[in-house]
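**Student:** Just so it is clear, I am handing over my_file06.txt, which has compact mmCIF, C-alpha atoms and all ligand atoms.
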```
# COMPACT_ATOMS: atom_id res chain seq x y z
CA MET A 13 62.30 -23.25 63.47
CA ASP A 14 65.59 -22.95 61.59
CA HIS A 15 67.48 -19.72 60.88
CA ALA A 16 65.93 -19.22 57.41
CA GLY A 17 62.45 -19.71 58.89
CA HIS A 18 63.11 -16.99 61.50
CA ARG A 19 64.26 -14.63 58.78
CA ARG A 20 61.17 -15.24 56.68
CA LEU A 21 58.98 -14.63 59.72
CA TRP A 22 60.69 -11.29 60.47
CA VAL A 23 60.53 -10.18 56.86
CA GLU A 24 56.80 -10.97 56.86
CA VAL A 25 56.21 -9.08 60.12
CA VAL A 26 58.09 -5.99 58.90
CA THR A 27 56.40 -6.05 55.47
CA ASN A 28 52.95 -6.32 57.05
CA ALA A 29 53.71 -3.49 59.50
CA VAL A 30 54.88 -1.22 56.66
CA ALA A 31 51.82 -2.09 54.56
CA LEU A 32 49.50 -1.42 57.51
CA GLY A 33 51.19 1.91 58.22
CA ALA A 34 50.88 2.94 54.58
CA MET A 35 47.22 1.95 54.55
CA VAL A 36 46.44 4.00 57.70
CA TRP A 37 48.32 6.98 56.29
CA GLY A 38 46.51 6.66 52.93
CA LEU A 39 43.12 6.45 54.67
CA LYS A 40 43.93 9.55 56.71
CA LEU A 41 44.85 11.45 53.53
CA CYS A 42 41.60 10.32 51.89
CA VAL A 43 39.50 11.51 54.85
CA GLN A 44 41.29 14.85 54.81
CA TYR A 45 40.82 15.14 51.06
CA LEU A 46 37.11 14.33 51.28
CA ASP A 47 36.47 17.04 53.89
CA PRO A 48 35.90 20.15 51.75
CA TYR A 49 35.77 22.46 54.75
CA ARG A 50 38.94 21.37 56.55
CA GLU A 51 40.77 24.67 56.15
CA GLN A 52 37.67 26.75 56.92
CA ARG A 53 36.98 24.57 59.94
CA GLU A 54 40.48 25.13 61.31
CA GLN A 55 40.18 28.89 60.80
CA ALA A 56 36.73 28.89 62.35
CA LYS A 57 37.98 26.99 65.41
CA LYS A 58 40.63 29.63 66.01
CA ARG A 59 38.07 32.40 65.48
CA SER A 60 35.55 30.85 67.85
CA ALA A 61 38.26 30.59 70.52
CA PHE A 62 38.89 34.28 69.94
CA LEU A 63 35.16 35.08 70.19
CA LYS A 64 34.96 33.17 73.43
CA GLN A 65 37.85 35.17 74.83
CA HIS A 66 36.44 38.49 73.60
CA LEU A 67 32.91 37.93 74.93
CA GLY A 68 34.08 36.55 78.24
CA ARG A 69 31.58 33.71 77.90
CA SER A 70 31.58 30.47 76.10
CA LEU A 71 29.72 30.46 72.79
CA ASP A 72 28.26 27.11 71.93
CA LEU A 73 28.50 27.09 68.12
CA ASN A 74 27.38 24.27 65.85
CA GLU A 75 29.61 23.32 62.93
CA TYR A 76 27.83 25.63 60.45
CA GLU A 77 27.97 28.56 62.84
CA GLN A 78 31.66 27.83 63.29
CA LEU A 79 32.15 27.98 59.52
CA LEU A 80 30.47 31.38 59.44
CA ALA A 81 32.36 32.60 62.52
CA ALA A 82 35.32 33.12 60.18
CA GLN A 83 33.33 35.94 58.57
CA VAL A 84 32.52 37.74 61.80
CA MET A 85 34.24 41.06 62.48
CA ASN A 86 34.69 42.18 66.02
CA PRO A 87 33.68 45.86 66.40
CA ASP A 88 36.95 46.53 68.22
CA HIS A 89 38.82 45.45 65.11
CA ILE A 90 36.81 47.52 62.65
CA GLU A 91 38.95 50.50 61.75
CA VAL A 92 36.41 52.71 60.03
CA GLU A 93 34.33 55.17 62.07
CA MET A 94 31.26 57.25 61.22
CA GLN A 95 33.35 60.42 60.99
CA ASP A 96 35.52 58.79 58.30
CA VAL A 97 32.51 58.59 55.99
CA SER A 98 32.48 61.92 54.16
CA GLY A 99 29.75 63.58 52.15
CA LEU A 100 26.94 61.22 53.22
CA ASP A 101 25.73 63.24 56.22
CA SER A 102 21.99 62.80 55.70
CA ILE A 103 22.26 58.99 55.30
CA VAL A 104 24.59 58.81 58.29
CA SER A 105 22.20 60.74 60.53
CA ASP A 106 19.21 58.67 59.38
CA LEU A 107 21.10 55.44 60.03
CA GLU A 108 21.96 56.71 63.49
CA THR A 109 18.30 57.00 64.47
CA LYS A 110 17.01 53.97 62.59
CA VAL A 111 19.79 51.47 63.23
CA LEU A 112 22.51 52.70 65.55
CA PHE A 113 20.44 53.98 68.50
CA PRO A 114 18.05 50.99 68.48
CA LEU A 115 21.08 48.72 68.79
CA THR A 116 22.72 50.77 71.54
CA ARG A 117 19.49 51.81 73.40
CA PRO A 118 17.15 48.88 72.72
CA GLU A 119 14.95 49.68 75.75
CA LEU A 120 13.60 52.73 73.87
CA TYR A 121 12.58 50.80 70.79
CA ARG A 122 10.22 48.14 72.08
CA THR A 123 6.84 49.71 71.38
CA THR A 124 4.57 49.39 68.38
CA LEU A 125 5.49 52.76 66.94
CA TRP A 126 9.04 53.08 68.21
CA LYS A 127 10.66 50.17 66.51
CA GLN A 128 14.03 49.50 65.04
CA ALA A 129 14.71 48.97 61.35
CA LYS A 130 15.17 45.27 60.66
CA GLY A 131 16.27 45.65 57.07
CA VAL A 132 18.35 48.39 55.44
CA LEU A 133 19.42 48.36 51.79
CA LEU A 134 22.23 50.57 50.49
CA TYR A 135 22.33 50.72 46.72
CA GLY A 136 24.42 52.59 44.19
CA PRO A 137 27.49 52.35 41.96
CA PRO A 138 30.67 50.57 43.10
CA GLY A 139 33.11 52.31 45.43
CA THR A 140 30.66 54.84 46.85
CA GLY A 141 31.03 53.75 50.48
CA LYS A 142 28.17 51.29 51.05
CA THR A 143 30.28 48.66 52.80
CA MET A 144 32.22 51.36 54.63
CA LEU A 145 28.97 52.83 55.95
CA ALA A 146 27.68 49.48 57.22
CA LYS A 147 31.00 48.77 58.97
CA ALA A 148 30.99 52.24 60.53
CA VAL A 149 27.49 51.60 61.96
CA ALA A 150 28.74 48.30 63.43
CA LYS A 151 31.78 49.99 64.91
CA GLN A 152 29.84 52.87 66.42
CA SER A 153 27.13 50.68 67.91
CA GLY A 154 29.59 48.05 69.20
CA CYS A 155 27.93 45.38 67.05
CA PHE A 156 29.44 42.29 65.57
CA PHE A 157 29.54 42.43 61.78
CA LEU A 158 28.62 39.17 60.06
CA ASN A 159 29.69 39.55 56.45
CA ILE A 160 27.76 37.23 54.13
CA THR A 161 28.49 36.74 50.45
CA VAL A 162 26.86 34.38 48.01
CA SER A 163 29.96 32.17 47.97
CA SER A 164 29.88 31.74 51.73
CA ILE A 165 26.34 30.35 51.56
CA MET A 166 25.93 28.58 48.23
CA SER A 167 27.75 25.39 48.98
CA LYS A 168 28.29 22.85 46.26
CA TRP A 169 27.32 20.19 48.79
CA LEU A 170 23.61 19.69 48.49
CA GLY A 171 21.60 20.67 51.55
CA ASP A 172 24.40 22.66 53.21
CA ALA A 173 23.21 26.01 51.85
CA ASN A 174 19.99 25.89 53.85
CA ARG A 175 21.85 24.87 56.99
CA LEU A 176 24.26 27.75 56.46
CA VAL A 177 21.34 30.18 56.08
CA ARG A 178 19.86 28.94 59.36
CA ALA A 179 23.31 29.32 60.93
CA VAL A 180 23.47 32.97 59.76
CA PHE A 181 20.45 33.85 61.90
CA SER A 182 21.24 31.59 64.86
CA LEU A 183 24.83 32.87 65.00
CA ALA A 184 23.68 36.51 64.78
CA SER A 185 21.23 35.84 67.59
CA LYS A 186 23.98 34.35 69.77
CA LEU A 187 26.31 37.24 68.98
CA GLN A 188 23.78 40.05 69.29
CA PRO A 189 23.96 42.96 68.96
CA CYS A 190 24.89 42.00 65.42
CA ILE A 191 24.59 43.31 61.86
CA ILE A 192 24.09 40.67 59.16
CA PHE A 193 25.65 42.33 56.13
CA ILE A 194 24.88 40.82 52.73
CA ASP A 195 27.21 42.06 50.06
CA GLU A 196 25.80 41.88 46.52
CA VAL A 197 22.24 41.14 47.63
CA ASP A 198 21.24 40.67 43.98
CA ALA A 199 23.57 37.66 43.67
CA MET A 200 22.20 35.88 46.73
CA LEU A 201 18.60 37.06 46.80
CA GLY A 202 18.02 37.92 43.15
CA LYS A 203 14.79 38.02 41.18
CA ARG A 204 12.73 34.84 41.28
CA GLY A 205 11.43 32.90 38.37
CA ALA A 206 14.36 33.23 36.01
CA SER A 207 14.47 30.00 34.02
CA SER A 208 18.12 29.55 34.92
CA GLU A 209 17.36 29.77 38.62
CA HIS A 210 18.65 26.78 40.46
CA GLU A 211 16.39 24.94 42.89
CA ALA A 212 18.92 25.44 45.70
CA THR A 213 18.98 29.23 45.11
CA LEU A 214 15.22 29.34 45.42
CA GLN A 215 15.30 27.36 48.66
CA VAL A 216 17.99 29.63 50.11
CA LYS A 217 15.89 32.69 49.34
CA THR A 218 12.72 31.24 50.83
CA GLU A 219 14.54 30.06 53.95
CA PHE A 220 16.29 33.42 54.33
CA MET A 221 13.02 35.36 54.14
CA GLN A 222 11.26 33.04 56.61
CA LEU A 223 14.04 33.38 59.17
CA TRP A 224 14.14 37.14 58.64
CA ASP A 225 10.37 37.34 59.29
CA GLY A 226 10.79 35.19 62.41
CA MET A 227 13.48 37.49 63.68
CA GLU A 228 11.29 40.55 63.08
CA SER A 229 8.43 39.13 65.07
CA SER A 230 10.53 38.41 68.14
CA ARG A 231 10.90 41.71 69.96
CA GLY A 232 14.09 42.62 71.70
CA GLN A 233 16.31 40.95 69.07
CA ARG A 234 19.26 43.22 68.49
CA VAL A 235 19.95 41.97 64.98
CA VAL A 236 19.68 44.00 61.76
CA VAL A 237 20.01 42.80 58.17
CA MET A 238 21.91 45.32 56.02
CA GLY A 239 22.45 44.73 52.35
CA ALA A 240 24.41 46.39 49.56
CA THR A 241 23.97 46.13 45.83
CA ASN A 242 25.01 47.82 42.60
CA ARG A 243 21.97 46.36 40.83
CA PRO A 244 18.87 46.99 42.98
CA TRP A 245 16.61 46.18 40.01
CA MET A 246 17.91 42.59 40.11
CA VAL A 247 16.85 42.01 43.72
CA ASP A 248 13.77 39.85 44.30
CA GLU A 249 10.65 42.00 44.96
CA ALA A 250 9.74 40.04 48.10
CA VAL A 251 13.24 40.65 49.45
CA LEU A 252 13.05 44.35 48.56
CA ARG A 253 9.81 44.65 50.56
CA ARG A 254 11.59 43.35 53.64
CA PHE A 255 14.21 46.08 53.38
CA THR A 256 12.07 48.67 55.12
CA HIS A 257 14.71 51.36 54.70
CA MET A 258 16.53 51.95 51.43
CA TYR A 259 19.20 54.53 50.72
CA GLU A 260 20.73 55.40 47.41
CA VAL A 261 24.45 55.93 47.81
CA GLY A 262 25.16 57.57 44.47
CA LEU A 263 28.29 59.05 42.96
CA PRO A 264 29.31 62.06 45.04
CA GLY A 265 28.39 65.58 43.88
CA LYS A 266 30.92 68.41 43.91
CA ALA A 267 30.44 69.32 47.60
CA GLN A 268 30.65 65.64 48.59
CA ARG A 269 33.80 65.12 46.53
CA LYS A 270 35.35 68.07 48.27
CA ALA A 271 34.35 66.66 51.66
CA ILE A 272 35.86 63.25 50.80
CA LEU A 273 39.13 64.77 49.55
CA LEU A 274 39.33 67.03 52.58
CA GLY A 275 38.66 64.04 54.87
CA TYR A 276 41.59 62.09 53.43
CA LEU A 277 43.95 65.10 53.34
CA ARG A 278 43.13 65.94 56.96
CA LYS A 279 43.70 62.34 57.97
CA HIS A 280 47.11 62.38 56.24
CA ALA A 281 47.97 65.69 57.90
CA ALA A 282 47.02 64.23 61.30
CA GLU A 283 49.11 61.10 60.71
CA VAL A 284 52.12 63.02 59.34
CA PRO A 285 52.01 66.53 60.86
CA GLY A 286 52.89 69.29 58.39
CA SER A 287 52.60 66.99 55.36
CA VAL A 288 49.79 68.84 53.53
CA ALA A 289 49.81 72.43 52.19
CA GLU A 290 47.61 74.79 54.23
CA GLU A 291 45.85 76.01 51.09
CA LEU A 292 44.34 72.51 50.71
CA LEU A 293 43.23 72.20 54.32
CA ALA A 294 42.03 75.76 54.89
CA VAL A 295 38.62 75.58 53.31
CA GLU A 296 35.75 77.67 54.59
CA GLU A 297 36.46 76.93 58.23
CA GLY A 298 33.42 77.82 60.33
CA GLY A 299 31.16 77.86 57.29
CA SER A 300 32.29 81.19 55.82
CA SER A 301 32.51 80.95 52.07
CA SER A 302 35.02 83.02 50.15
CA SER A 303 34.19 84.52 46.75
CA SER A 304 37.03 82.81 44.88
CA PRO A 305 37.09 79.00 44.66
CA SER A 306 39.63 77.32 46.92
CA ALA A 307 42.33 74.97 45.64
CA LEU A 308 40.26 72.00 46.70
CA ASP A 309 37.16 73.44 45.00
CA ARG A 310 39.05 73.28 41.73
CA ILE A 311 39.92 69.61 42.20
CA ALA A 312 36.37 68.81 43.34
CA GLU A 313 35.04 70.54 40.23
CA ALA A 314 37.35 68.59 37.93
CA THR A 315 36.63 65.16 39.41
CA GLU A 316 33.08 64.68 38.24
CA GLY A 317 32.28 60.95 37.92
CA TYR A 318 34.85 59.93 40.56
CA SER A 319 33.56 57.67 43.35
CA GLY A 320 34.76 57.89 46.97
CA SER A 321 37.09 54.99 46.24
CA ASP A 322 38.53 56.83 43.18
CA LEU A 323 39.09 59.95 45.29
CA LEU A 324 40.93 57.89 47.89
CA GLU A 325 43.12 56.52 45.09
CA LEU A 326 43.69 60.07 43.77
CA SER A 327 44.73 61.38 47.21
CA SER A 328 46.93 58.36 47.74
CA GLN A 329 48.71 58.77 44.37
CA ALA A 330 49.29 62.48 45.11
CA ALA A 331 50.78 61.64 48.50
CA GLN A 332 52.90 58.83 47.01
CA ARG A 333 54.28 61.30 44.51
CA VAL A 334 55.69 63.46 47.31
CA LEU A 335 57.15 60.41 49.04
CA ALA A 336 58.71 59.07 45.82
CA GLU A 337 60.34 62.47 45.21
CA HIS A 338 61.73 62.52 48.74
CA LEU A 339 63.13 59.00 48.43
CA HIS A 340 64.76 59.94 45.14
CA GLU A 341 66.42 62.96 46.79
CA LEU A 342 67.64 60.77 49.63
CA GLN A 343 69.15 58.30 47.16
CA GLN A 344 70.87 61.09 45.26
CA SER A 345 72.30 62.70 48.37
CA GLU A 346 73.55 59.30 49.56
CA SER A 347 75.36 58.65 46.28
CA SER A 348 76.80 62.17 46.06
CA GLY A 349 77.82 62.25 49.74
CA GLN A 350 75.77 65.45 50.28
CA PRO A 351 73.75 65.85 53.51
CA ALA A 352 70.30 64.29 53.18
CA PRO A 353 67.32 66.66 52.88
CA TYR A 354 65.97 67.32 56.34
CA SER A 355 62.25 67.43 55.70
CA ILE A 356 59.75 66.16 53.19
CA ARG A 357 57.89 68.74 51.11
CA LYS A 358 54.17 69.31 51.58
CA LEU A 359 51.54 67.73 49.36
CA GLY A 360 50.13 70.54 47.22
CA LEU A 361 47.57 71.30 44.55
CA GLU A 362 49.96 70.33 41.75
CA ASP A 363 50.32 66.81 43.19
CA LEU A 364 46.56 66.31 43.08
CA GLU A 365 46.41 67.73 39.55
CA GLU A 366 49.21 65.44 38.45
CA ALA A 367 47.52 62.42 40.03
CA MET A 368 44.35 63.21 38.10
CA GLY A 369 46.25 62.35 34.94
CA HIS A 370 46.66 58.77 36.22
CA VAL A 371 43.49 58.11 38.18
CA ARG A 372 40.44 58.15 35.98
CA PRO A 373 36.93 57.64 37.32
CA SER A 374 36.10 53.95 37.55
CA THR A 375 32.79 54.50 35.75
CA GLN A 376 34.78 55.75 32.77
CA ARG A 377 37.15 52.79 33.01
CA ALA A 378 34.14 50.45 33.02
CA ASP A 379 32.77 52.24 29.93
CA ASP A 380 36.14 51.95 28.23
CA TYR A 381 36.21 48.28 29.07
CA SER A 382 32.78 47.48 27.70
CA ARG A 383 33.53 49.53 24.59
CA VAL A 384 36.83 47.75 24.08
CA SER A 385 35.58 44.27 24.91
CA SER A 386 32.58 44.57 22.62
CA ARG A 387 34.82 45.87 19.85
CA SER A 388 37.19 42.91 20.01
CA ALA A 389 34.61 40.24 20.83
CA GLY A 390 32.44 41.14 17.88
CA GLY A 391 29.99 43.37 19.64
CA GLY A 392 27.30 41.40 21.45
CA VAL A 393 26.96 41.17 25.18
CA GLY A 394 27.69 37.71 26.48
CA ILE A 395 29.71 36.56 23.46
CA PRO A 396 32.55 34.44 24.87
CA MET A 397 35.99 35.93 24.30
CA THR A 398 38.96 33.89 23.21
CA PRO A 399 42.34 34.47 24.96
CA GLN A 400 43.40 36.36 21.79
CA ASP A 401 40.34 38.62 22.03
CA LEU A 402 41.08 39.24 25.67
CA SER A 403 44.70 40.21 25.14
CA ALA A 404 43.70 42.47 22.21
CA ALA A 405 41.09 44.08 24.47
CA LEU A 406 43.60 44.62 27.25
CA ALA A 407 46.12 46.14 24.84
CA LEU A 408 43.45 48.55 23.59
CA LEU A 409 42.44 49.34 27.15
CA MET A 410 46.03 50.18 28.08
CA GLN A 411 46.25 52.46 25.03
CA LEU A 412 43.09 54.25 26.12
CA ARG A 413 44.36 54.61 29.67
CA ASN A 414 47.63 56.10 28.55
CA ALA A 415 45.94 58.39 26.04
N1 LIG A 501 31.92 58.64 51.17
C1 LIG A 501 33.14 58.19 51.39
N2 LIG A 501 33.94 58.77 52.32
C2 LIG A 501 35.19 58.33 52.53
N3 LIG A 501 35.73 57.28 51.87
C3 LIG A 501 35.01 56.65 50.94
C4 LIG A 501 33.67 57.08 50.65
N4 LIG A 501 33.18 56.26 49.69
C5 LIG A 501 34.14 55.37 49.40
N5 LIG A 501 35.25 55.59 50.15
C6 LIG A 501 36.49 54.83 50.10
O1 LIG A 501 36.39 53.83 49.12
C7 LIG A 501 36.57 52.51 49.68
C8 LIG A 501 35.65 51.53 48.98
O2 LIG A 501 34.32 51.81 49.35
P1 LIG A 501 33.26 50.67 49.67
O3 LIG A 501 33.88 49.32 49.56
O4 LIG A 501 32.56 50.99 50.91
O5 LIG A 501 32.30 50.88 48.42
P2 LIG A 501 31.02 50.05 48.02
O6 LIG A 501 29.99 51.07 47.69
O7 LIG A 501 30.68 49.04 49.06
O8 LIG A 501 31.54 49.36 46.70
P3 LIG A 501 31.12 47.95 46.06
O9 LIG A 501 29.73 48.12 45.57
O10 LIG A 501 32.12 47.80 44.95
O11 LIG A 501 31.29 46.92 47.14
C9 LIG A 501 36.24 52.68 51.16
O12 LIG A 501 36.91 51.72 51.95
C10 LIG A 501 36.72 54.07 51.43
O13 LIG A 501 38.11 54.05 51.68
```
Please rewrite the model in this file as structure tokens.
Ligand SMILES: Nc1ncnc2c1ncn2[C@@H]1O[C@H](COP(=O)(O)OP(=O)(O)OP(=O)(O)O)[C@@H](O)[C@H]1O

**Tutor:**
Amino acid sequence: MDHAGHRRLWVEVVTNAVALGAMVWGLKLCVQYLDPYREQREQAKKRSAFLKQHLGRSLDLNEYEQLLAAQVMNPDHIEVEMQDVSGLDSIVSDLETKVLFPLTRPELYRTTLWKQAKGVLLYGPPGTGKTMLAKAVAKQSGCFFLNITVSSIMSKWLGDANRLVRAVFSLASKLQPCIIFIDEVDAMLGKRGASSEHEATLQVKTEFMQLWDGMESSRGQRVVVMGATNRPWMVDEAVLRRFTHMYEVGLPGKAQRKAILLGYLRKHAAEVPGSVAEELLAVEEGGSSSSSPSALDRIAEATEGYSGSDLLELSSQAAQRVLAEHLHELQQSESSGQPAPYSIRKLGLEDLEEAMGHVRPSTQRADDYSRVSSRSAGGGVGIPMTPQDLSAALALLMQLRNA
């Protein structure tokens, strides 16, 4: 072969190698692109390695269980405790006997009459502490917390939803003691028979109920299904029947609001000693009630309609106000060369009162929103809004908020 022939041969070899490399790389990209769960799978792998380490034994998880493992909370990592839940004492004590003790002392609950609750529904308006309560039960009983939402189950890939539902129960059984927590039960297990109901939704519901029944009939299973919803009337009747214990977690009354505020102020005072005025913390210690309302009574009285979540926001804004003032003073003293203020002032009644001007109850905000959106969208529920309608609605909403 002459010199030119050699060259041609080399060029051909190199070109083919490059083309082959590009093809392999392209194929790899395609495979990655076609796998809809790649990211979840990677996360789940890490989580299952963590679970293995935490439990001190190897958990043999199938691929669907691995996908769900990403939604499992280890009780050691749950930060909320039963004592953090304020103003819901009667529900807390009932949950202790019906759910918590059966999970921690299962040997006592294996008879016909002494049996554990297998289904608990918490229902009520948003932000009232339903999720918090379920997490606190998991924490206190040392249970894993498997958090299920409709989006984690309803896969767009046909057939996967049922496999994921089966994985919910098999994973919980492997992890037990375990709480299966379904957020927004109405979205996943809503009323049957609606004409818009998708076949897959119906199958998921049927499968879920069958597995739940199977779990109930096998004694000694330390698994409980807990659900939360803001729309209990939208939950399927057959599902509702399986929730043997239901608790309404409504908007807090005055005494509960006071307990929630006090809980957060005490927590802040414990985290930053001396940060809260005594008049806010010194309320009827030991149960003695004074004739005149305390400072906190006044705030509790004025916060009708506020949820626990709103009250947390109110306390937080009041505390931030003190911090912002302190930072401002520090900045000023730095620029003027004066010595910086030594201590931060205490959070007082006026901070809470001031914060009330900014934090309105979320129920009221929701009312404002529906009023505003119906005004700009022409009134009817379900009428699609244009981007112009939406920005007009938001402008109106801001006006109302600032009013
Ligand atoms: N009773 C309460 N005691 C103390 N904090 C509360 C209470 N209720 C609500 N909170 C605070 O509000 C936050 C939000 O509450 P949570 O998410 O539990 O409400 P939810 O009822 O599950 O709401 P949603 O229906 O919107 O999911 C909690 O993390 C907690 O900080």

**Student:** Hey, which residues come within 9 Å of ligand LIG 501 (chain A) if we count only C-alpha atoms and all ligand atoms? Could you give them as a CSV table (one decimal) with C-alpha atoms, in the coordinates of the input?

**Tutor:**
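Ended up saving to pocket03.csv:
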```
chain,number,residue,atom,x,y,z
A,92,VAL,CA,36.4,52.7,60.0
A,95,GLN,CA,33.4,60.4,61.0
A,96,ASP,CA,35.5,58.8,58.3
A,97,VAL,CA,32.5,58.6,56.0
A,98,SER,CA,32.5,61.9,54.2
A,99,GLY,CA,29.8,63.6,52.2
A,100,LEU,CA,26.9,61.2,53.2
A,134,LEU,CA,22.2,50.6,50.5
A,135,TYR,CA,22.3,50.7,46.7
A,136,GLY,CA,24.4,52.6,44.2
A,137,PRO,CA,27.5,52.4,42.0
A,138,PRO,CA,30.7,50.6,43.1
A,139,GLY,CA,33.1,52.3,45.4
A,140,THR,CA,30.7,54.8,46.8
A,141,GLY,CA,31.0,53.8,50.5
A,142,LYS,CA,28.2,51.3,51.0
A,143,THR,CA,30.3,48.7,52.8
A,144,MET,CA,32.2,51.4,54.6
A,145,LEU,CA,29.0,52.8,56.0
A,146,ALA,CA,27.7,49.5,57.2
A,147,LYS,CA,31.0,48.8,59.0
A,195,ASP,CA,27.2,42.1,50.1
A,196,GLU,CA,25.8,41.9,46.5
A,240,ALA,CA,24.4,46.4,49.6
A,241,THR,CA,24.0,46.1,45.8
A,242,ASN,CA,25.0,47.8,42.6
A,261,VAL,CA,24.4,55.9,47.8
A,262,GLY,CA,25.2,57.6,44.5
A,263,LEU,CA,28.3,59.0,43.0
A,264,PRO,CA,29.3,62.1,45.0
A,268,GLN,CA,30.6,65.6,48.6
A,269,ARG,CA,33.8,65.1,46.5
A,271,ALA,CA,34.4,66.7,51.7
A,272,ILE,CA,35.9,63.2,50.8
A,273,LEU,CA,39.1,64.8,49.6
A,275,GLY,CA,38.7,64.0,54.9
A,276,TYR,CA,41.6,62.1,53.4
A,319,SER,CA,33.6,57.7,43.4
A,320,GLY,CA,34.8,57.9,47.0
A,321,SER,CA,37.1,55.0,46.2
A,322,ASP,CA,38.5,56.8,43.2
A,323,LEU,CA,39.1,60.0,45.3
A,324,LEU,CA,40.9,57.9,47.9
A,325,GLU,CA,43.1,56.5,45.1
```

**Student:** Take the point (36.9, 36.5, 63.6) in the file's coordinates, draw a sphere of radius 10 Å around it, and report as a list in words every protein, DNA or RNA residue with an atom inside or on it, counting only C-alpha atoms.

**Tutor:**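 Nearby residues: Gln55, Ala56, Lys57, Lys58, Arg59, Ser60, Ala61, Phe62, Leu63, Leu80, Ala81, Ala82, Gln83, Val84, Met85, Asn86, His89, Phe156, Phe157 and Leu158 of chain A.
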
**Student:** Here is a test: counting all atoms listed in the file, which residue of A:Val177, A:Ala331, A:Ile192, A:Ala250 is nearest to Val288 of chain A?

**Tutor:**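 Ranking A:Val177, A:Ala331, A:Ile192, A:Ala250 by distance to Val288 of chain A, first place goes to A:Ala331.
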
**Student:** So what do you get for atom CA of Gly131 of chain A versus atom CA of Val237 of chain A, distance-wise?

**Tutor:** 4.8 Å

**Student:** Would you give the centre and edge lengths, in Å to one decimal, of a box along x, y and z around the listed atoms of segment 145-152 of chain A, with 8 Å added to each side, as lines of an AutoDock Vina configuration file?

**Tutor:**
```
center_x = 29.6
center_y = 50.6
center_z = 61.2
size_x = 20.3
size_y = 20.6
size_z = 26.5
```

**Student:** So how many Å separate atom CA of Tyr318 of chain A and atom CA of Leu274 of chain A, to one decimal?

**Tutor:**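 Distance reported for this atom pair: 14.7 Å.
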
**Student:** Quick one: of A:Ala148, A:Val235, A:Ala367, A:Met166, who's nearest to Leu214 of chain A, counting all atoms listed in the file?

**Tutor:** A:Met166

**Student:** Using only C-alpha atoms, can you tell me which of A:Ser347, A:Lys130, A:His280, A:Ala267 comes closest to Ser328 of chain A?

**Tutor:**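 Of A:Ser347, A:Lys130, A:His280, A:Ala267, the one nearest Ser328 of chain A, counting only C-alpha atoms, is A:His280.
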
**Student:** Name the closest residue to Met227 of chain A among the candidates A:Phe193, A:Phe181, A:Tyr354, A:Tyr49; distances are taken between atoms, counting only C-alpha atoms.

**Tutor:**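 For Met227 of chain A, the nearest of the candidates is A:Phe181.
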
**Student:** Can you work out the spacing between atom CA of Arg234 of chain A and atom CA of Gln188 of chain A in Å, to one decimal?

**Tutor:**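 Distance reported for this atom pair: 5.6 Å.
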
**Student:** For Gly154 of chain A, which residue among A:Arg117, A:Arg53, A:Arg333, A:Arg178 is the nearest when counting all atoms listed in the file?

**Tutor:**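 Once distances to Gly154 of chain A are computed over all atoms listed in the file, the minimum belongs to A:Arg117.
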
**Student:** Would you kindly identify which residues have an atom no farther than 10 Å from (48.1, 74.6, 52.9), using all atoms listed in the file and the file's own coordinates, and write them out as number ranges by chain?

**Tutor:** A: 286-295, 307, 358-361
